[in-house]
Amino acid sequence: MLPDDLDIFAADWVWETDADLRLTNVRGRYAALTGEVEPVGRSWPGLAGDEPVDDGPLRRPVPFRDLVLPHRHRDGRIRWFRFGGAPRLAADGTIAGWHGNCAELSGPAVAQIEAARLCEEQTRRFEEQTRRFEAVVANMPIGVSLFDADLRLIAVNGRLHEIFGLPPELLRLGTPLEHMIRTSAGSGNYPQMNPDEAWAYASARIAQRVRLQRERQLPGGVLLKTTIVPLPDGSTLVVHEDATDRARADARLAEQKNRLDHALTHMSHGLVLFDADHRVTVVNRQFLDLYGLSAETVHPGITAEELIHRRTEAGNFPGLSPEEAWRQVRERLATRARYRLDQTLVDGRVIAVTYAPTPEGGFVTVHEDVTAAKRAEAQIVHMARHDALTGLPNRALLHEGLAEALARSPAARGAATAVLCLDLDRFKNVNDTLGHAVGDKLLRQVTTRLTAATCDEAEAGHATLARLGGDEFAVILHPTSRFKAGRLAARLIEAVARDYEIDGKRVAVGLSIGIALAPTDARDSEGLLRAADMALYRAKAEGRGVHRFFEPAMDVAIQARRGVELDLRAALAEQQFALAFQPFLGLSDNRIAGFEALVRWHHPIRGVVSPAAFVPIAEETGMIVPLGEWVLRQACREAARWPDAVRVSVNLSPVQFRSGDIDATVIAALRDAGLDPHRLELEITEGVLLQDNASTVAMLHRLKGIGVRIAMDDFGTGYSSLGYLRAFPFDKIKIDRAFVADLSVRPDALAIVRAVTTLADSMGMSTTAEGVETEEQLAHLRGAGCTEVQGYLISRPVPADAVAPMLMGDSVARVRRRV
């Protein structure tokens, strides 16, 4: 509890620090109001801002109150908080720490603070300019000397000695000017003149009895300006000014003025402040630039109505007359309520306008160009139906196109619809030996060649090229024939087979193609794709780099898959599986937040079998259900041995949801392992929600109800519908590695990732970025607001017995140093 003298306002949260002013305890609505997490250990007051917080009040051993500080929330808004506190004294009288409270300021108080801050900043800049100007004037290097009619010294200032370096006795009153000039010339102060020449030159100029000026360079490099002024009483005033310093002072003054002008006219947002009579009092340059207005037509003093008329004339209100635009604005102003709206200009830009009334009866409008953010949102929608790496249609769009092609009747008799399933040969070797970054570049170059090879058919509306994922592509041809499909396949194989130059390395891959025709081989899209896939399997088995048409007798691939199925059943019975765990790191505290459980198959003959080789077969045969249950139970048992703060993440297949009791399986696994449900995170793909949506969502709600976290995996790479984020309140979105890899190669990748994190944050979800392999990617993800990261930069998957050492001692230290 705070002392009574500090309990001065209703607190939103209470805080405590140690002697080093680091937060040790925070209770209350800190996280909800600030958007920050885990304040413990951070410097007081634990707020994130663009400028360092003044902790001066905590450096004096006396209580304080009414310290108002700003904070930029994750939603972009500036919020204001009022702090109070008091020291906690140790037995020896030293300060052992501080404690206090904090409350958010809102409503008129915030608007008043914002206006006061702007005014204070302007005043401060003007005062700073004035102080610097006075300092320059006070230190201008001017030497003054006054001589009587007989040219004897009658007055002098100390600066004259500093300028010329003359001996003090020469500057005594009564000294003849001739003596001073001759001595000064002897010291070199009259370049290219001896003492006689210097005196002759000076005396002749003084004898003219007119105001004269002359500049000359002294030996020390100083540019000296001398002014001779004859006075009415016959005396002569001589002023010596260091013109070099004066020029520098003028430059400094000009620089300060430029800075002041920059602060007023080049803020990041457009701003207009109106008084109670709705007249403009402040308008900055950014506002004029946003709307294509000039300072001659929009300036302080004009009314809000005049401003709207001029904006309408400039095309800022498309489709509205000046009167109609002003009527809409006037109605909004009449409510005296804060609002925000987006306006689209005639050139397509989108401007976000925020209106806020001020306490004195006026109002302020802030204008921000959000065109890029809107485009990023549109890009997310595009991502739902297109592959992020190549920009090609994804599997979902391919299915739609194929269904549409099959539904159309061919115009020519005997015309068919063909599906070509494409798979790169030796692509895995490229990934394994050269890395995923090179693999991604290769996929983009392959896409370019495939696009060029199909351009003629695509331009005629007969071909659609899509990426199914990994190194798999597909082409739909409609209408076509067996001959045309085979001819295109040969052209594609030839195009892909040419060597590639990537990062100075020569890379070679091949292409195998399976072809199926409708209605001969199948009459629906699923059957046609399945037939083409079987033909592709035959092409792979026959040496690769070839194309094969589907034949009813093709059962080799089916038998081979049957063999894998039989091995899988034996593997389940003989416990040939093991789990590996890959950590994911929380970026707020650089600590391991949990581990993703990954299944590994140690076949007694084949050795380690890649999950990509058996998981699809397990899903097709339904064996993923017992295998997935084993993974779930084993992961829970392992996680029960970890610290309570560490979570475990388990992937669930869409097939597991078809059994209808996955929620009961999860609950049983948690109960048997004694694991807190809040420590379990289940990862599902969007494919889970494609099936029996209502039943699936109901099961997910039951799991979430007991505390289990639900994450959407591979967001944006599969069927990717933003509607699923509305159908179920996910706890987390996992950003696929394809987007992370693009951070270094595609200019729009960062905007897309930032849009995803902003979308997740606005919906109360966290984000985990997969496939983080470089420090550059990590820095981009931090800046974009990503919550967690996972990838080889943090750690490769480790065996179960390596998790505990990783969570303690040097292993954690190494991870934290690495990031």
# chains A, B, ... in the order shown; residues from 1 in each chain; ligands from 1

$ residues_around --residues "stretch 492-500 of chain A" --least-positions-apart "3" --cutoff "10 Å" --atoms "only C-alpha atoms" --output "number ranges by chain"
A: 422, 424-425, 442, 445-454, 486-489, 503-513, 545-547

$ residues_around --residues "A:Leu341" --least-positions-apart "2" --cutoff "8 Å" --atoms "only C-alpha atoms" --output "MDAnalysis selection string"
chainID A and resid 339 343 352:354

$ closest_residue --among "A:Pro799, A:Gly100, A:Gly586, A:Gly607" --to "A:Gly785" --atoms "only C-alpha atoms"
A:Gly586

$ select_by_dssp --residues "stretch 29-158 of chain A" --states "alpha helix (DSSP H)" --output "PyMOL selection string"
chain A and resi 30-34+108-138+158

$ write_last_selection --atoms "C-alpha atoms" --output "mmCIF file, in the first residue's frame"
data_model
loop_
_atom_site.group_PDB
_atom_site.id
_atom_site.type_symbol
_atom_site.label_atom_id
_atom_site.label_comp_id
_atom_site.auth_asym_id
_atom_site.auth_seq_id
_atom_site.Cartn_x
_atom_site.Cartn_y
_atom_site.Cartn_z
ATOM 1 C CA TYR A 30 -0.640 -2.052 -16.909
ATOM 2 C CA ALA A 31 -0.732 -4.467 -19.863
ATOM 3 C CA ALA A 32 -4.249 -3.526 -21.003
ATOM 4 C CA LEU A 33 -3.545 0.218 -21.021
ATOM 5 C CA THR A 34 0.044 0.266 -22.308
ATOM 6 C CA PRO A 108 -10.279 16.721 -22.413
ATOM 7 C CA ALA A 109 -7.168 16.312 -20.291
ATOM 8 C CA VAL A 110 -5.393 14.484 -23.113
ATOM 9 C CA ALA A 111 -6.416 17.018 -25.738
ATOM 10 C CA GLN A 112 -5.245 19.806 -23.454
ATOM 11 C CA ILE A 113 -1.909 18.095 -22.898
ATOM 12 C CA GLU A 114 -1.419 17.575 -26.642
ATOM 13 C CA ALA A 115 -2.195 21.226 -27.373
ATOM 14 C CA ALA A 116 -0.034 22.391 -24.465
ATOM 15 C CA ARG A 117 2.823 20.173 -25.584
ATOM 16 C CA LEU A 118 2.706 21.611 -29.106
ATOM 17 C CA CYS A 119 2.602 25.141 -27.720
ATOM 18 C CA GLU A 120 5.392 24.416 -25.241
ATOM 19 C CA GLU A 121 7.566 22.903 -27.980
ATOM 20 C CA GLN A 122 7.081 25.953 -30.176
ATOM 21 C CA THR A 123 7.833 28.295 -27.268
ATOM 22 C CA ARG A 124 10.919 26.300 -26.335
ATOM 23 C CA ARG A 125 12.279 26.461 -29.852
ATOM 24 C CA PHE A 126 11.703 30.235 -30.031
ATOM 25 C CA GLU A 127 13.369 30.763 -26.647
ATOM 26 C CA GLU A 128 16.284 28.567 -27.664
ATOM 27 C CA GLN A 129 16.737 30.588 -30.834
ATOM 28 C CA THR A 130 16.633 33.821 -28.855
ATOM 29 C CA ARG A 131 19.209 32.591 -26.304
ATOM 30 C CA ARG A 132 21.577 31.515 -29.035
ATOM 31 C CA PHE A 133 21.155 34.805 -30.860
ATOM 32 C CA GLU A 134 21.943 36.749 -27.694
ATOM 33 C CA ALA A 135 24.986 34.553 -27.062
ATOM 34 C CA VAL A 136 26.241 35.214 -30.589
ATOM 35 C CA VAL A 137 25.741 38.975 -30.198
ATOM 36 C CA ALA A 138 27.404 39.022 -26.776
ATOM 37 C CA GLY A 158 39.830 44.627 -24.531
#

$ select_by_dssp --residues "stretch 266-302 of chain A" --states "strand (DSSP E or B)" --output "PyMOL selection string"
chain A and resi 270-274+279-283

$ residues_around --residues "stretch 183-185 of chain A" --least-positions-apart "4" --cutoff "7 Å" --atoms "only C-alpha atoms" --output "number ranges by chain"
A: 166, 179, 189-190, 194-195, 198

$ write_last_selection --atoms "N, CA, C and O atoms" --output "PDB file, in the first residue's frame"
ATOM      1  N   LEU A 166      48.535  43.026 -29.722  1.00  0.00           N
ATOM      2  CA  LEU A 166      49.430  44.145 -29.410  1.00  0.00           C
ATOM      3  C   LEU A 166      49.807  44.136 -27.940  1.00  0.00           C
ATOM      4  O   LEU A 166      49.021  43.710 -27.084  1.00  0.00           O
ATOM      5  N   HIS A 179      51.810  55.413 -34.007  1.00  0.00           N
ATOM      6  CA  HIS A 179      52.663  54.453 -33.310  1.00  0.00           C
ATOM      7  C   HIS A 179      51.998  53.068 -33.297  1.00  0.00           C
ATOM      8  O   HIS A 179      52.644  52.037 -33.502  1.00  0.00           O
ATOM      9  N   ASN A 189      50.344  42.554 -39.315  1.00  0.00           N
ATOM     10  CA  ASN A 189      48.893  42.710 -39.407  1.00  0.00           C
ATOM     11  C   ASN A 189      48.450  43.485 -40.653  1.00  0.00           C
ATOM     12  O   ASN A 189      47.251  43.652 -40.866  1.00  0.00           O
ATOM     13  N   TYR A 190      49.440  43.996 -41.414  1.00  0.00           N
ATOM     14  CA  TYR A 190      49.115  44.652 -42.684  1.00  0.00           C
ATOM     15  C   TYR A 190      49.866  43.888 -43.764  1.00  0.00           C
ATOM     16  O   TYR A 190      50.997  44.253 -44.136  1.00  0.00           O
ATOM     17  N   ASN A 194      54.945  47.461 -45.394  1.00  0.00           N
ATOM     18  CA  ASN A 194      55.860  47.731 -44.275  1.00  0.00           C
ATOM     19  C   ASN A 194      55.252  48.809 -43.405  1.00  0.00           C
ATOM     20  O   ASN A 194      54.218  49.392 -43.755  1.00  0.00           O
ATOM     21  N   PRO A 195      55.840  49.130 -42.255  1.00  0.00           N
ATOM     22  CA  PRO A 195      55.238  50.141 -41.358  1.00  0.00           C
ATOM     23  C   PRO A 195      55.007  51.484 -42.030  1.00  0.00           C
ATOM     24  O   PRO A 195      53.968  52.121 -41.790  1.00  0.00           O
ATOM     25  N   ALA A 198      52.008  51.175 -44.377  1.00  0.00           N
ATOM     26  CA  ALA A 198      50.770  51.001 -43.629  1.00  0.00           C
ATOM     27  C   ALA A 198      50.289  52.318 -43.063  1.00  0.00           C
ATOM     28  O   ALA A 198      49.090  52.644 -43.128  1.00  0.00           O
TER      29      ALA A 198
END

$ atom_distance --atom1 "atom CA of A:Leu69" --atom2 "atom CA of A:Gly35"
15.5 Å

$ residues_around --residues "stretch 92-97 of chain A" --least-positions-apart "3" --cutoff "12 Å" --atoms "only C-alpha atoms" --output "MDAnalysis selection string"
chainID A and resid 15:25 44 58:63 85:89 100

$ closest_residue --among "A:Lys484, A:Arg27, A:Arg79, A:Arg491" --to "A:His99" --atoms "only C-alpha atoms"
A:Arg27

$ atom_distance --atom1 "atom CA of A:Leu273" --atom2 "atom CA of A:Arg327"
19.6 Å

$ residues_around --residues "stretch 398-409 of chain A" --least-positions-apart "3" --cutoff "8 Å" --atoms "only C-alpha atoms" --output "list of chain:residue names"
A:Pro393, A:Asn394, A:Arg395, A:Thr417, A:Thr464, A:Ala466, A:Ile476, A:His478, A:Ala518, A:Arg523, A:Asp524, A:Ser525

$ write_last_selection --atoms "N, CA, C and O atoms" --output "PDB file, in the first residue's frame"
ATOM      1  N   PRO A 393      -1.089 -18.402 -58.517  1.00  0.00           N
ATOM      2  CA  PRO A 393      -2.266 -18.923 -57.817  1.00  0.00           C
ATOM      3  C   PRO A 393      -1.866 -20.105 -56.932  1.00  0.00           C
ATOM      4  O   PRO A 393      -0.977 -20.885 -57.275  1.00  0.00           O
ATOM      5  N   ASN A 394      -2.526 -20.217 -55.748  1.00  0.00           N
ATOM      6  CA  ASN A 394      -2.204 -21.331 -54.853  1.00  0.00           C
ATOM      7  C   ASN A 394      -3.186 -22.484 -55.094  1.00  0.00           C
ATOM      8  O   ASN A 394      -3.984 -22.481 -56.024  1.00  0.00           O
ATOM      9  N   ARG A 395      -3.107 -23.442 -54.216  1.00  0.00           N
ATOM     10  CA  ARG A 395      -3.920 -24.652 -54.384  1.00  0.00           C
ATOM     11  C   ARG A 395      -5.419 -24.333 -54.405  1.00  0.00           C
ATOM     12  O   ARG A 395      -6.186 -24.911 -55.172  1.00  0.00           O
ATOM     13  N   THR A 417      -9.885 -31.400 -70.955  1.00  0.00           N
ATOM     14  CA  THR A 417      -9.231 -30.603 -69.908  1.00  0.00           C
ATOM     15  C   THR A 417      -8.071 -31.425 -69.366  1.00  0.00           C
ATOM     16  O   THR A 417      -8.249 -32.586 -68.995  1.00  0.00           O
ATOM     17  N   THR A 464      -3.547 -22.177 -66.925  1.00  0.00           N
ATOM     18  CA  THR A 464      -3.390 -21.584 -65.594  1.00  0.00           C
ATOM     19  C   THR A 464      -2.248 -22.297 -64.899  1.00  0.00           C
ATOM     20  O   THR A 464      -2.274 -23.518 -64.743  1.00  0.00           O
ATOM     21  N   ALA A 466      -0.032 -22.758 -61.424  1.00  0.00           N
ATOM     22  CA  ALA A 466      -0.205 -22.578 -59.976  1.00  0.00           C
ATOM     23  C   ALA A 466       0.928 -23.270 -59.240  1.00  0.00           C
ATOM     24  O   ALA A 466       1.568 -24.186 -59.759  1.00  0.00           O
ATOM     25  N   ILE A 476      -3.240 -26.122 -65.560  1.00  0.00           N
ATOM     26  CA  ILE A 476      -4.534 -26.521 -66.115  1.00  0.00           C
ATOM     27  C   ILE A 476      -4.574 -26.070 -67.563  1.00  0.00           C
ATOM     28  O   ILE A 476      -4.309 -24.892 -67.856  1.00  0.00           O
ATOM     29  N   HIS A 478      -7.179 -25.933 -70.859  1.00  0.00           N
ATOM     30  CA  HIS A 478      -8.573 -26.127 -71.287  1.00  0.00           C
ATOM     31  C   HIS A 478      -8.953 -25.059 -72.300  1.00  0.00           C
ATOM     32  O   HIS A 478      -8.742 -23.873 -72.055  1.00  0.00           O
ATOM     33  N   ALA A 518      -9.319 -35.073 -68.655  1.00  0.00           N
ATOM     34  CA  ALA A 518     -10.744 -35.265 -68.398  1.00  0.00           C
ATOM     35  C   ALA A 518     -11.474 -35.083 -69.733  1.00  0.00           C
ATOM     36  O   ALA A 518     -11.099 -34.229 -70.546  1.00  0.00           O
ATOM     37  N   ARG A 523     -13.559 -37.349 -63.997  1.00  0.00           N
ATOM     38  CA  ARG A 523     -14.560 -36.348 -64.343  1.00  0.00           C
ATOM     39  C   ARG A 523     -14.682 -35.238 -63.291  1.00  0.00           C
ATOM     40  O   ARG A 523     -15.448 -34.313 -63.471  1.00  0.00           O
ATOM     41  N   ASP A 524     -13.954 -35.361 -62.185  1.00  0.00           N
ATOM     42  CA  ASP A 524     -14.000 -34.308 -61.158  1.00  0.00           C
ATOM     43  C   ASP A 524     -12.574 -33.871 -60.853  1.00  0.00           C
ATOM     44  O   ASP A 524     -11.594 -34.545 -61.193  1.00  0.00           O
ATOM     45  N   SER A 525     -12.452 -32.725 -60.199  1.00  0.00           N
ATOM     46  CA  SER A 525     -11.135 -32.131 -59.969  1.00  0.00           C
ATOM     47  C   SER A 525     -10.266 -32.990 -59.065  1.00  0.00           C
ATOM     48  O   SER A 525      -9.060 -33.172 -59.339  1.00  0.00           O
TER      49      SER A 525
END
